[in-house]
Amino acid sequence: MKQKAERNRSLELTPKEISFFEKKLLRLSSPVKKNELLNRTICQSVESAASFLPSRCVDLLFLDPPYNLNKTFRATTFRARSAGEYAEWMDSWLSKILHTLKPTASIYLCGDWRSSSAVQSVAEKYFLLQNRITWEREKGRGAKANWKNASEDIWFCTVSQKYYFNIEAVKIKRRVLAPYTKEGKPKDWLKTQEGNFRLTHPSNLWNDITIPFWSMPENTEHPTQKPEKLLAKLILASTKKGDVVFDPFLGSGTTSVTAKKLQRNYFGIEIDKKFACIAEKRLLLAEKETTIQGFRDGIFWERNSQ
């Protein structure tokens, strides 16, 4: 294994670890019950596993499929296609996992500006659209003849109008730059040893997310890894402790790991064996390391405020 830089904390796997963790992976070939599936990683395609999944067991479905781009995920390559073809592709697997959702379930569906129309059309076919979150993805290359692409979208959907949402669990702690006082006392803000802060309601525009990079222990080699802080917001807002979170495009395991750290149940599907093994290693590490960067003492801190 190549020698890493001193401050490089990215998670890696040795061949011995791959051999160990792959034994923990599930492959479904017949229907399974909910208790057989909870807190496990399934290593196969969504399409091949879908019909074996139990019905009405999922409280939160997080969908982060390949975007409509030419992108290579280790041994798997996704090719860009027309918006209509991309929508058909999404429908082909989404329709097969709808039976897993409870009537009160919430769904978060990721996409970018290119896939926006396709994502909305498929989401509206099956769910009630509640909102669209746009979050700043500060990584990315600049362009000489275009605007730098620095945002992604997450469509918030529900199965019905009866769903769980806990706004108190996802308030943001922001620094107060111009504190207002009334009769000499702070108004709607707190004075602390760390500075002046205010708890605010989160909007659908997020600029406090840090993409995992080499000095962060949650970082892996996955090319489109989502941050644990991003998943924590969605999980805390839309589930209670003990609820079930399902990610059919698990990647390196961020959804399952964050669910575990927040005392939720989970299961995920990942077609690539090495990424599935990375997810299992992260889940093992999460038994001792339960912190989430940017989330402390039940509060989400804005980026660079600590």
# chains A, B, ... in the order shown; residues from 1 in each chain; ligands from 1
>>> residues_around(residues="Leu13 in chain A", least_positions_apart="5", cutoff="9 Å", atoms="only C-alpha atoms", output="PDB file with C-alpha atoms, in the first residue's frame")
ATOM      1  CA  ILE A  18     -11.401  -7.101   2.130  1.00  0.00           C
ATOM      2  CA  LYS A 274     -14.782  -3.070  -2.426  1.00  0.00           C
ATOM      3  CA  CYS A 277     -16.380  -3.639   2.271  1.00  0.00           C
ATOM      4  CA  ILE A 278     -15.369  -0.028   2.952  1.00  0.00           C
ATOM      5  CA  LYS A 281     -15.189  -1.157   7.891  1.00  0.00           C
TER       6      LYS A 281
END
>>> closest_atom_pairs(of="range 47-80 of chain A", to="range 245-264 of chain A", cutoff="8 Å", atoms="only C-alpha atoms", output="JSON lines")
{"residue": "A:Val58", "atom": "CA", "partner": "A:Val245", "partner_atom": "CA", "distance": 6.1}
{"residue": "A:Asp59", "atom": "CA", "partner": "A:Val245", "partner_atom": "CA", "distance": 6.1}
{"residue": "A:Leu60", "atom": "CA", "partner": "A:Val245", "partner_atom": "CA", "distance": 4.8}
{"residue": "A:Leu61", "atom": "CA", "partner": "A:Phe246", "partner_atom": "CA", "distance": 5.0}
{"residue": "A:Phe62", "atom": "CA", "partner": "A:Asp247", "partner_atom": "CA", "distance": 5.1}
{"residue": "A:Leu63", "atom": "CA", "partner": "A:Asp247", "partner_atom": "CA", "distance": 6.1}
{"residue": "A:Asp64", "atom": "CA", "partner": "A:Phe249", "partner_atom": "CA", "distance": 6.0}
{"residue": "A:Pro65", "atom": "CA", "partner": "A:Phe249", "partner_atom": "CA", "distance": 5.9}
>>> closest_atom_pairs(of="range 88-192 of chain A", to="range 33-55 of chain A", cutoff="6 Å", atoms="only C-alpha atoms", output="JSON lines")
{"residue": "A:Trp93", "atom": "CA", "partner": "A:Glu47", "partner_atom": "CA", "distance": 5.9}
{"residue": "A:Lys96", "atom": "CA", "partner": "A:Ala50", "partner_atom": "CA", "distance": 5.8}
{"residue": "A:Ile97", "atom": "CA", "partner": "A:Ala50", "partner_atom": "CA", "distance": 5.6}
{"residue": "A:His99", "atom": "CA", "partner": "A:Ser55", "partner_atom": "CA", "distance": 5.0}
{"residue": "A:Thr100", "atom": "CA", "partner": "A:Ser55", "partner_atom": "CA", "distance": 4.2}
>>> select_by_dssp(residues="range 59-238 of chain A", states="strand (DSSP E or B)", output="PyMOL selection string")
chain A and resi 59-63+71-73+76-78+101-111+128-136+151-158+172-175+181-182+185-186+190-192+195-200+205-206
>>> closest_residue(among="A:Glu168, A:Glu287, A:Asp243, A:Glu280", to="Lys24 in chain A", atoms="only C-alpha atoms")
A:Glu280
>>> residues_around(residues="Ser160 in chain A", least_positions_apart="2", cutoff="7 Å", atoms="only C-alpha atoms", output="PyMOL selection string")
chain A and resi 103-104+128+158+162-163
>>> closest_residue(among="A:Lys16, A:Lys173, A:Arg132, A:Lys125", to="Asp112 in chain A", atoms="only C-alpha atoms")
A:Arg132
>>> atom_distance(atom1="CA of Asp153 in chain A", atom2="CA of Thr134 in chain A")
4.5 Å
>>> atom_distance(atom1="CA of Leu69 in chain A", atom2="CA of Gln225 in chain A")
15.5 Å
>>> atom_distance(atom1="CA of Leu28 in chain A", atom2="CA of Asp272 in chain A")
14.9 Å
>>> closest_residue(among="A:Gly298, A:Pro66, A:Asn207, A:Ile271", to="Arg79 in chain A", atoms="only C-alpha atoms")
A:Pro66
